[in-house]
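Engineer: To be precise about what I am sending: the file is called entry-v4.txt and holds compact mmCIF, C-alpha atoms.
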# COMPACT_ATOMS: atom_id res chain seq x y z
CA MET D 139 0.00 0.00 0.00
CA PRO D 140 1.56 3.33 -1.01
CA LEU D 141 2.04 6.18 1.41
CA PRO D 142 -0.64 8.90 1.10
CA LEU D 143 1.58 11.55 -0.51
CA GLU D 144 3.53 9.20 -2.77
CA GLY D 145 3.92 10.90 -6.15
CA VAL D 146 3.49 14.40 -4.67
CA ARG D 147 6.47 16.64 -5.46
CA VAL D 148 7.56 19.26 -2.96
CA LEU D 149 10.09 22.01 -3.65
CA ASP D 150 11.44 23.14 -0.29
CA LEU D 151 13.29 26.46 -0.13
CA THR D 152 13.11 26.69 3.66
CA ASN D 153 15.87 27.00 6.23
CA VAL D 154 16.51 26.26 9.94
CA MET D 155 13.41 24.87 11.80
CA ALA D 156 9.83 25.89 10.93
CA GLY D 157 9.92 25.10 7.20
CA PRO D 158 12.20 22.06 7.41
CA TYR D 159 9.94 20.57 10.11
CA CYS D 160 6.94 20.97 7.79
CA SER D 161 8.74 19.45 4.79
CA MET D 162 10.11 16.61 6.95
CA VAL D 163 6.56 15.54 7.82
CA LEU D 164 5.52 15.87 4.17
CA GLY D 165 8.40 13.51 3.40
CA ASP D 166 7.33 11.15 6.19
CA LEU D 167 3.89 11.07 4.53
CA GLY D 168 5.52 9.90 1.30
CA ALA D 169 6.10 13.10 -0.68
CA GLU D 170 9.23 13.51 -2.80
CA VAL D 171 10.87 16.48 -1.08
CA ILE D 172 13.61 18.32 -2.96
CA LYS D 173 15.42 20.65 -0.61
CA LEU D 174 16.94 23.61 -2.44
CA GLU D 175 19.96 24.95 -0.58
CA SER D 176 22.33 27.80 -1.31
CA PRO D 177 25.96 26.85 -2.00
CA GLU D 178 26.60 27.54 1.70
CA GLY D 179 23.80 25.18 2.73
CA ASP D 180 21.01 25.38 5.29
CA SER D 181 22.41 27.27 8.29
CA THR D 182 21.42 24.34 10.52
CA ARG D 183 24.28 22.39 8.92
CA LYS D 184 26.62 24.54 11.03
CA LEU D 185 25.01 23.60 14.33
CA GLU D 186 26.82 21.33 16.77
CA PRO D 187 27.12 18.60 17.79
CA LYS D 188 28.79 17.28 14.66
CA VAL D 189 29.79 13.72 13.84
CA ASN D 190 32.39 13.39 11.08
CA ASP D 191 31.77 17.10 10.43
CA GLU D 192 28.04 16.56 9.76
CA SER D 193 25.51 18.33 11.97
CA TYR D 194 23.40 15.91 13.98
CA CYS D 195 20.71 18.60 14.31
CA PHE D 196 20.42 18.90 10.53
CA ALA D 197 20.41 15.12 10.16
CA VAL D 198 17.49 14.68 12.58
CA LEU D 199 15.36 17.42 10.96
CA ASN D 200 15.90 16.65 7.28
CA ARG D 201 15.26 12.95 6.75
CA ASN D 202 13.32 11.75 3.70
CA LYS D 203 14.61 14.61 1.52
CA LYS D 204 16.88 15.12 -1.47
CA SER D 205 19.28 18.08 -1.66
CA ILE D 206 20.19 20.23 -4.62
CA SER D 207 22.51 23.15 -3.97
CA ALA D 208 22.16 26.03 -6.42
CA ASP D 209 22.70 29.79 -6.40
CA ALA D 210 19.25 31.32 -7.03
CA ARG D 211 20.86 34.76 -7.55
CA ASP D 212 22.49 33.51 -10.74
CA PRO D 213 20.10 33.43 -13.75
CA ARG D 214 21.18 29.84 -14.42
CA GLY D 215 20.33 28.90 -10.83
CA LYS D 216 16.99 30.66 -11.08
CA GLU D 217 16.23 28.72 -14.26
CA ILE D 218 16.85 25.46 -12.38
CA LEU D 219 14.46 26.55 -9.64
CA LEU D 220 11.74 27.54 -12.08
CA ARG D 221 12.08 24.18 -13.84
CA LEU D 222 11.70 22.47 -10.48
CA ALA D 223 8.73 24.69 -9.58
CA ALA D 224 7.05 23.91 -12.90
CA ARG D 225 6.92 20.21 -12.04
CA SER D 226 6.14 20.54 -8.33
CA ASP D 227 2.80 20.22 -6.57
CA ILE D 228 3.86 22.15 -3.48
CA MET D 229 6.46 24.84 -2.90
CA LEU D 230 7.40 26.39 0.43
CA GLU D 231 9.75 29.17 1.53
CA ASN D 232 10.58 31.05 4.73
CA PHE D 233 12.75 33.93 3.57
CA ARG D 234 12.24 37.40 4.97
CA PRO D 235 9.17 38.86 3.20
CA GLY D 236 10.15 40.45 -0.11
CA VAL D 237 13.20 38.30 -0.80
CA VAL D 238 11.53 35.74 -3.09
CA LYS D 239 9.88 38.56 -5.07
CA LYS D 240 13.29 40.14 -5.61
CA LEU D 241 14.59 36.77 -6.80
CA GLY D 242 11.60 36.33 -9.12
CA LEU D 243 10.51 33.21 -7.23
CA ASP D 244 7.39 34.55 -5.50
CA TYR D 245 3.95 33.02 -5.97
CA ASP D 246 2.94 35.31 -8.83
CA SER D 247 6.14 34.46 -10.71
CA VAL D 248 5.94 30.72 -10.04
CA ARG D 249 2.32 30.37 -11.08
CA GLN D 250 3.28 31.69 -14.50
CA VAL D 251 5.08 28.38 -15.03
CA ASN D 252 2.76 26.29 -12.82
CA PRO D 253 -0.78 27.69 -12.41
CA SER D 254 -1.85 24.87 -10.09
CA ILE D 255 1.05 25.19 -7.62
CA ILE D 256 0.28 25.25 -3.90
CA TYR D 257 2.73 27.80 -2.53
CA ALA D 258 3.33 28.42 1.18
CA SER D 259 5.26 31.25 2.80
CA MET D 260 6.37 31.31 6.43
CA SER D 261 7.73 34.39 8.14
CA GLY D 262 8.17 36.00 11.53
CA PHE D 263 5.09 38.21 11.44
CA GLY D 264 3.25 37.59 8.17
CA GLN D 265 3.50 39.02 4.67
CA THR D 266 1.39 42.10 5.50
CA GLY D 267 0.91 44.58 8.32
CA PRO D 268 3.26 47.01 10.06
CA TYR D 269 5.81 44.24 10.77
CA GLY D 270 5.42 42.58 7.37
CA ARG D 271 9.02 43.28 6.35
CA LYS D 272 10.53 42.52 9.72
CA GLY D 273 12.55 39.37 10.27
CA GLY D 274 11.54 37.10 13.11
CA LEU D 275 12.91 34.32 15.28
CA ASP D 276 11.28 31.96 17.75
CA ILE D 277 12.56 33.89 20.77
CA VAL D 278 11.10 37.14 19.38
CA ALA D 279 7.73 35.50 18.74
CA GLN D 280 7.69 33.99 22.23
CA GLY D 281 8.21 37.45 23.68
CA MET D 282 5.66 39.22 21.49
CA SER D 283 2.94 36.58 21.88
CA GLY D 284 2.84 37.12 25.66
CA LEU D 285 4.07 33.56 26.15
CA MET D 286 7.22 34.49 28.02
CA MET D 287 5.22 36.45 30.60
CA MET D 288 3.11 33.40 31.41
CA THR D 289 5.97 30.88 31.54
CA GLY D 290 8.11 30.26 34.60
CA TYR D 291 7.27 31.05 38.22
CA PRO D 292 5.41 34.02 39.73
CA GLY D 293 7.72 36.94 40.37
CA GLY D 294 10.47 35.54 38.16
CA ARG D 295 11.95 36.94 34.98
CA PRO D 296 10.20 36.17 31.67
CA ALA D 297 11.02 32.60 30.59
CA LYS D 298 10.94 30.95 27.18
CA VAL D 299 9.38 27.57 26.61
CA GLY D 300 12.08 24.91 26.65
CA ILE D 301 11.69 24.12 22.93
CA ALA D 302 11.38 26.29 19.80
CA MET D 303 7.61 26.28 20.21
CA HIS D 304 6.69 29.00 17.72
CA ASP D 305 8.95 27.48 15.07
CA VAL D 306 7.30 24.08 15.40
CA ALA D 307 3.83 25.64 15.65
CA CYS D 308 4.51 27.51 12.40
CA GLY D 309 5.64 24.31 10.71
CA VAL D 310 2.58 22.38 11.90
CA THR D 311 0.21 25.21 10.91
CA THR D 312 1.74 25.36 7.44
CA LEU D 313 1.52 21.58 7.20
CA TYR D 314 -2.23 21.41 7.79
CA GLY D 315 -2.69 24.38 5.46
CA LEU D 316 -0.81 22.59 2.70
CA LEU D 317 -2.69 19.34 3.21
CA GLY D 318 -5.99 21.20 3.19
CA ALA D 319 -5.02 23.10 0.04
CA TYR D 320 -3.92 19.87 -1.63
CA ILE D 321 -7.24 18.20 -0.83
CA GLY D 322 -8.93 21.30 -2.23
CA LYS D 323 -6.86 21.03 -5.39
CA LEU D 324 -7.86 17.38 -5.81
CA ARG D 325 -11.53 18.32 -5.47
CA HIS D 326 -11.62 21.63 -7.32
CA GLY D 327 -8.51 21.60 -9.52
CA GLN D 328 -6.96 24.83 -8.27
CA GLY D 329 -3.77 25.61 -6.42
CA GLN D 330 -3.39 28.58 -4.09
CA PHE D 331 -1.09 30.72 -2.00
CA LEU D 332 -1.09 30.40 1.78
CA GLU D 333 1.00 31.95 4.49
CA THR D 334 1.40 32.06 8.24
CA SER D 335 3.90 33.40 10.74
CA LEU D 336 5.74 32.42 13.89
CA LEU D 337 3.72 34.95 15.87
CA GLU D 338 0.27 33.89 14.65
CA ALA D 339 0.90 30.15 14.72
CA GLY D 340 2.07 30.22 18.35
CA LEU D 341 -0.63 32.68 19.42
CA ALA D 342 -3.25 30.31 18.01
CA TRP D 343 -2.26 27.73 20.63
CA THR D 344 -3.14 30.00 23.60
CA ILE D 345 -6.70 28.68 23.90
CA TRP D 346 -7.25 28.82 27.68
CA GLU D 347 -5.42 32.11 28.04
CA PHE D 348 -7.46 33.76 25.27
CA SER D 349 -10.70 32.46 26.79
CA ALA D 350 -9.85 33.73 30.26
CA TYR D 351 -8.85 37.16 28.98
CA MET D 352 -11.76 37.68 26.60
CA GLY D 353 -14.34 36.05 28.86
CA GLY D 354 -13.23 37.40 32.22
CA GLY D 355 -10.58 40.06 31.69
CA GLU D 356 -7.95 37.82 33.28
CA LEU D 357 -4.39 38.59 32.22
CA PRO D 358 -2.45 35.29 32.17
CA ALA D 359 0.62 35.30 34.37
CA ALA D 360 3.32 32.76 35.19
CA THR D 361 2.01 29.88 37.31
CA GLY D 362 4.98 27.53 37.42
CA THR D 363 3.66 24.06 36.66
CA ARG D 364 0.12 24.80 37.84
CA HIS D 365 -2.95 24.76 35.63
CA ARG D 366 -4.92 27.98 35.39
CA ARG D 367 -8.31 26.29 35.84
CA SER D 368 -7.74 23.06 37.79
CA ALA D 369 -6.11 21.95 41.03
CA PRO D 370 -4.30 19.86 41.96
CA TYR D 371 -2.80 19.83 38.48
CA GLN D 372 0.93 20.45 38.70
CA ALA D 373 4.32 18.99 39.59
CA PHE D 374 4.93 18.38 43.29
CA ARG D 375 8.23 17.76 45.08
CA THR D 376 8.79 14.25 46.46
CA ARG D 377 11.60 12.81 48.56
CA ASP D 378 13.89 12.38 45.53
CA GLY D 379 12.44 14.49 42.73
CA TYR D 380 9.07 15.58 41.37
CA VAL D 381 5.80 13.90 40.44
CA THR D 382 3.00 15.30 38.31
CA VAL D 383 -0.60 14.99 39.48
CA GLY D 384 -3.72 15.63 37.42
CA ALA D 385 -6.58 15.30 39.91
CA ASN D 386 -8.70 17.79 37.98
CA GLY D 387 -12.20 16.59 38.77
CA GLU D 388 -14.22 15.77 41.87
CA LYS D 389 -13.91 12.00 41.45
CA LEU D 390 -10.16 12.23 40.89
CA TRP D 391 -9.77 14.71 43.76
CA ARG D 392 -11.51 12.33 46.13
CA ALA D 393 -9.37 9.39 44.96
CA PHE D 394 -6.20 11.47 45.30
CA VAL D 395 -7.03 12.58 48.83
CA THR D 396 -8.27 9.24 50.17
CA ARG D 397 -6.28 6.62 48.28
CA VAL D 398 -3.02 8.36 47.39
CA MET D 399 -2.49 10.96 50.13
CA GLU D 400 -4.53 9.03 52.72
CA GLN D 401 -5.68 12.33 54.20
CA PRO D 402 -9.51 12.10 54.18
CA GLN D 403 -9.80 15.17 56.42
CA TRP D 404 -8.86 17.34 53.44
CA LEU D 405 -12.29 16.60 51.97
CA ASP D 406 -13.83 18.60 54.84
CA ASP D 407 -11.44 21.56 54.48
CA PRO D 408 -13.54 24.50 53.18
CA ARG D 409 -10.54 25.83 51.24
CA PHE D 410 -10.64 22.78 48.97
CA ALA D 411 -14.39 22.15 48.74
CA THR D 412 -14.61 22.90 45.00
CA ASN D 413 -12.19 23.07 42.10
CA PRO D 414 -12.32 26.92 41.89
CA LEU D 415 -11.52 27.08 45.61
CA ARG D 416 -8.64 24.64 45.18
CA VAL D 417 -7.25 26.84 42.38
CA ARG D 418 -7.60 29.91 44.59
CA ASN D 419 -5.86 28.14 47.48
CA ALA D 420 -3.28 26.26 45.39
CA GLU D 421 -0.37 27.51 47.51
CA ALA D 422 -1.83 26.10 50.72
CA LEU D 423 -2.76 22.88 48.96
CA GLN D 424 0.76 22.48 47.59
CA GLU D 425 2.24 22.89 51.06
CA LEU D 426 0.04 20.13 52.47
CA VAL D 427 0.59 17.79 49.53
CA GLU D 428 4.36 18.19 49.46
CA HIS D 429 4.57 17.62 53.22
CA VAL D 430 3.14 14.14 52.59
CA LEU D 431 5.00 13.49 49.34
CA ALA D 432 8.35 14.25 50.99
CA THR D 433 8.08 10.97 52.92
CA ARG D 434 8.53 8.70 49.88
CA PRO D 435 10.34 8.60 46.51
CA THR D 436 8.71 9.50 43.21
CA ALA D 437 8.43 5.89 42.01
CA ASP D 438 6.32 4.96 45.04
CA TRP D 439 3.92 7.83 44.45
CA VAL D 440 3.57 6.99 40.75
CA GLU D 441 2.66 3.45 41.77
CA LYS D 442 0.03 4.74 44.21
CA LEU D 443 -1.39 7.18 41.66
CA ASP D 444 -1.69 4.43 39.07
CA ALA D 445 -3.38 2.11 41.57
CA ALA D 446 -5.91 4.84 42.44
CA GLY D 447 -6.58 5.70 38.80
CA VAL D 448 -5.29 9.26 39.23
CA PRO D 449 -3.23 10.57 36.28
CA GLY D 450 0.36 11.23 37.25
CA GLY D 451 3.95 10.46 36.41
CA PRO D 452 7.58 11.25 37.13
CA VAL D 453 9.24 14.48 36.03
CA TYR D 454 12.11 13.30 33.83
CA THR D 455 15.30 14.74 32.52
CA TYR D 456 15.44 14.38 28.73
CA ASP D 457 17.68 11.32 28.79
CA GLN D 458 15.29 9.63 31.20
CA ALA D 459 12.35 10.49 28.93
CA LEU D 460 13.99 8.84 25.92
CA ASP D 461 14.86 5.77 27.98
CA ASP D 462 11.38 5.30 29.42
CA PRO D 463 9.98 1.83 28.57
CA GLN D 464 6.81 3.34 27.10
CA VAL D 465 8.78 5.66 24.82
CA ARG D 466 10.99 2.76 23.73
CA HIS D 467 7.98 0.51 23.17
CA ARG D 468 6.38 3.18 20.98
CA LYS D 469 9.64 3.44 18.97
CA MET D 470 10.14 7.17 19.41
CA VAL D 471 13.87 6.63 18.95
CA HIS D 472 14.56 5.33 15.45
CA GLU D 473 17.87 4.01 14.17
CA LEU D 474 19.11 4.54 10.63
CA GLU D 475 22.34 4.71 8.63
CA HIS D 476 23.68 8.08 7.48
CA PRO D 477 26.27 8.18 4.64
CA VAL D 478 28.75 10.23 6.71
CA ILE D 479 27.61 10.08 10.33
CA GLY D 480 27.13 6.32 10.12
CA ALA D 481 24.74 4.58 12.49
CA MET D 482 22.63 7.27 14.13
CA LYS D 483 19.38 7.79 15.96
CA THR D 484 16.55 10.10 14.97
CA LEU D 485 13.18 10.91 16.46
CA GLY D 486 10.61 8.27 15.67
CA LEU D 487 7.21 8.71 14.09
CA PRO D 488 4.57 10.00 16.52
CA LEU D 489 1.70 8.72 14.36
CA LYS D 490 0.81 5.06 14.46
CA SER D 491 -1.72 3.72 11.97
CA SER D 492 -3.43 0.57 10.74
CA GLY D 493 -2.29 1.21 7.16
CA GLU D 494 0.65 2.90 5.44
CA LEU D 495 0.67 6.52 6.57
CA THR D 496 4.20 7.64 7.47
CA SER D 497 7.64 6.10 7.21
CA ILE D 498 11.31 6.96 7.63
CA ARG D 499 12.86 5.79 4.39
CA LYS D 500 16.19 7.59 4.08
CA PRO D 501 18.56 9.79 6.08
CA ALA D 502 19.08 13.51 5.64
CA PRO D 503 21.02 14.36 2.48
CA LEU D 504 24.52 15.75 2.21
CA LEU D 505 24.71 19.26 0.78
CA GLY D 506 24.01 18.91 -2.94
CA GLN D 507 24.02 15.12 -2.74
CA HIS D 508 21.30 14.86 -5.38
CA SER D 509 22.21 17.89 -7.50
CA ARG D 510 23.34 15.92 -10.52
CA GLU D 511 20.46 13.44 -10.29
CA ILE D 512 17.92 16.26 -10.14
CA LEU D 513 19.52 18.18 -13.03
CA LEU D 514 19.46 15.09 -15.24
CA ASP D 515 15.84 14.47 -14.29
CA LEU D 516 15.03 18.06 -15.32
CA GLY D 517 16.47 17.40 -18.78
CA TYR D 518 19.99 18.79 -18.36
CA SER D 519 22.74 16.72 -19.95
CA GLU D 520 25.79 15.39 -18.12
CA GLY D 521 27.81 18.11 -19.84
CA ASP D 522 25.34 20.77 -18.69
CA ALA D 523 25.55 19.48 -15.14
CA ASP D 524 29.35 19.48 -15.24
CA GLY D 525 29.36 23.05 -16.55
CA LEU D 526 26.98 24.32 -13.86
CA ILE D 527 28.99 22.62 -11.13
CA GLN D 528 32.33 23.90 -12.47
CA ALA D 529 30.89 27.43 -12.71
CA GLY D 530 29.84 27.31 -9.04
CA VAL D 531 26.15 27.76 -9.86
CA VAL D 532 25.45 24.28 -8.54
CA ARG D 533 27.26 22.46 -5.76
CA GLU D 534 27.59 18.68 -5.69
CA THR D 535 28.63 16.34 -2.89
CA ARG D 536 29.13 12.73 -3.85
CA VAL D 537 28.62 9.84 -1.46
CA GLY D 538 31.47 7.40 -1.09
Turn the structure described in the file into structure tokens.
Structural biologist:
Amino acid sequence: MPLPLEGVRVLDLTNVMAGPYCSMVLGDLGAEVIKLESPEGDSTRKLEPKVNDESYCFAVLNRNKKSISADARDPRGKEILLRLAARSDIMLENFRPGVVKKLGLDYDSVRQVNPSIIYASMSGFGQTGPYGRKGGLDIVAQGMSGLMMMTGYPGGRPAKVGIAMHDVACGVTTLYGLLGAYIGKLRHGQGQFLETSLLEAGLAWTIWEFSAYMGGGELPAATGTRHRRSAPYQAFRTRDGYVTVGANGEKLWRAFVTRVMEQPQWLDDPRFATNPLRVRNAEALQELVEHVLATRPTADWVEKLDAAGVPGGPVYTYDQALDDPQVRHRKMVHELEHPVIGAMKTLGLPLKSSGELTSIRKPAPLLGQHSREILLDLGYSEGDADGLIQAGVVRETRVG
């Protein structure tokens, strides 16, 4: 059974995280992804750690892709790109707004050679508006979305989320936009232009915060690990670490108090009579809970939580998370062979399915590894390819 996007051609002009994450998943779904890189390569190729001078970060983010390295500023390089665009179903870019227009590779230019193209642009703030020409990074978007003011602990300095959240959010948002546009093309026969930004994509994930502000005028502030609407729903200190507890309902609260904490008198405490009261008195509740939890290690409390049917778990370091038996069982660490790095590990596929849906078929490409193959497929001769490579318009890296 073929993968769902088998036969779909994607021309990927993106760099760093948001765009490459989107095109990686398109590749996982079966699309043929051709990553166009400048002669210098995606800037992620410079990130450490490196193994045999190849970036592990790049290798994890760019599986299931081919690489052609060409200088789009040279008319000969632009011609290669337009030939690729003419035969592609999807094209995506994340340059600063205005750059692709200057290169003659914007949507209006590309649809002259491919009227049915689905073309996606990603940027820091969007293609329009007062910040439409401003460059953006994840850290900037985290600050401007209000996210940094609601992350961390009360009274502390603004804190960023531990991952590049806006980058990934932008990639995921673009992904569902592209899939929706492609379904629309199959039904109605038309391509289209779509765009999103780091700021908008991350802001769209602030569901509870938006609701609280618009519905009640509540300005979201940092709450540590606590939930804004439920308690107890946070990480608590134990004798040897931390445990998360999600007793966010009356039945779970009663089970937590009686079967896990073994403190039935808390049920009669007026401060904790209802969930809103428990949220209001979360500090006092935490003090009582942690006084009990300090008597035993995290593993014991996880066992008691599981036995009582109360959601909870240990707070891991990242290495512990990857080594957890559930994570290993679900194959979230995948092994493959890279032509330079050798045997390596990459993140596994988070989707599991009854049929063929996603697969990891090949490692990330070397810079320009497929340049010659792609040129020949576009109709260039071996002599043409040699000439373009010798002129520095195209860069080639051979395996072996």
Engineer: To one decimal place in Å, what is the distance between atom CA of Asp276 of chain D and atom CA of Cys308 of chain D?
Structural biologist: 9.7 Å
Engineer: My list of candidates is D:Met470, D:Leu149, D:Val163, D:Ile345. Which is closest to Val248 of chain D when distances are computed with all atoms listed in the file?
Structural biologist: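 Among the listed residues, the smallest separation from Val248 of chain D belongs to D:Leu149.
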Engineer: For Thr289 of chain D, which residue among D:His476, D:Arg364, D:Lys490, D:Arg214 is the nearest when counting all atoms listed in the file?
Structural biologist: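 Nearest candidate to Thr289 of chain D out of D:His476, D:Arg364, D:Lys490, D:Arg214: D:Arg364.
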Engineer: Would you pick out the contacts of Lys483 of chain D at 9 Å or less, using only C-alpha atoms, so that residues sharing its chain but fewer than 5 positions from it are not included, and give the list as a ChimeraX atom specification?
Structural biologist: /D:198,471-475
Engineer: What separation in Å, quoted to one decimal, exists between atom CA of Val465 of chain D and atom CA of Leu199 of chain D?
Structural biologist: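 Interatomic distance, atom CA of Val465 of chain D to atom CA of Leu199 of chain D: 19.3 Å.
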Engineer: Extract, using only C-alpha atoms, all DNA, RNA and protein residues at most 9 Å from Ser181 of chain D, discarding same-chain residues fewer than 6 positions from it, and format them as a PyMOL selection string.
Structural biologist: chain D and resi 153-154+196
Engineer: In Å, rounded to a single decimal, give me how far atom CA of Pro177 of chain D is from atom CA of Thr535 of chain D.
Structural biologist: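 Going from atom CA of Thr535 of chain D over to atom CA of Pro177 of chain D covers 10.9 Å.
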Engineer: Using all atoms listed in the file, find the one residue out of D:Tyr194, D:Tyr257, D:Tyr518, D:Phe374 that sits nearest to Ile228 of chain D.
Structural biologist: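 Checking each of D:Tyr194, D:Tyr257, D:Tyr518, D:Phe374 against Ile228 of chain D, counting all atoms listed in the file, the winner is D:Tyr257.
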Engineer: May I have the residues within 9 Å of Pro449 of chain D as a ChimeraX atom specification, using only C-alpha atoms and disregarding those fewer than 3 positions away in the same chain?
Structural biologist: /D:382-385,390,440,443-444,446
Engineer: Counting only C-alpha atoms, which residue out of D:Gly480, D:Gly506, D:Gly315, D:Gly309 sits closest to Ile256 of chain D?
Structural biologist: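 For Ile256 of chain D, the nearest of the candidates is D:Gly315.
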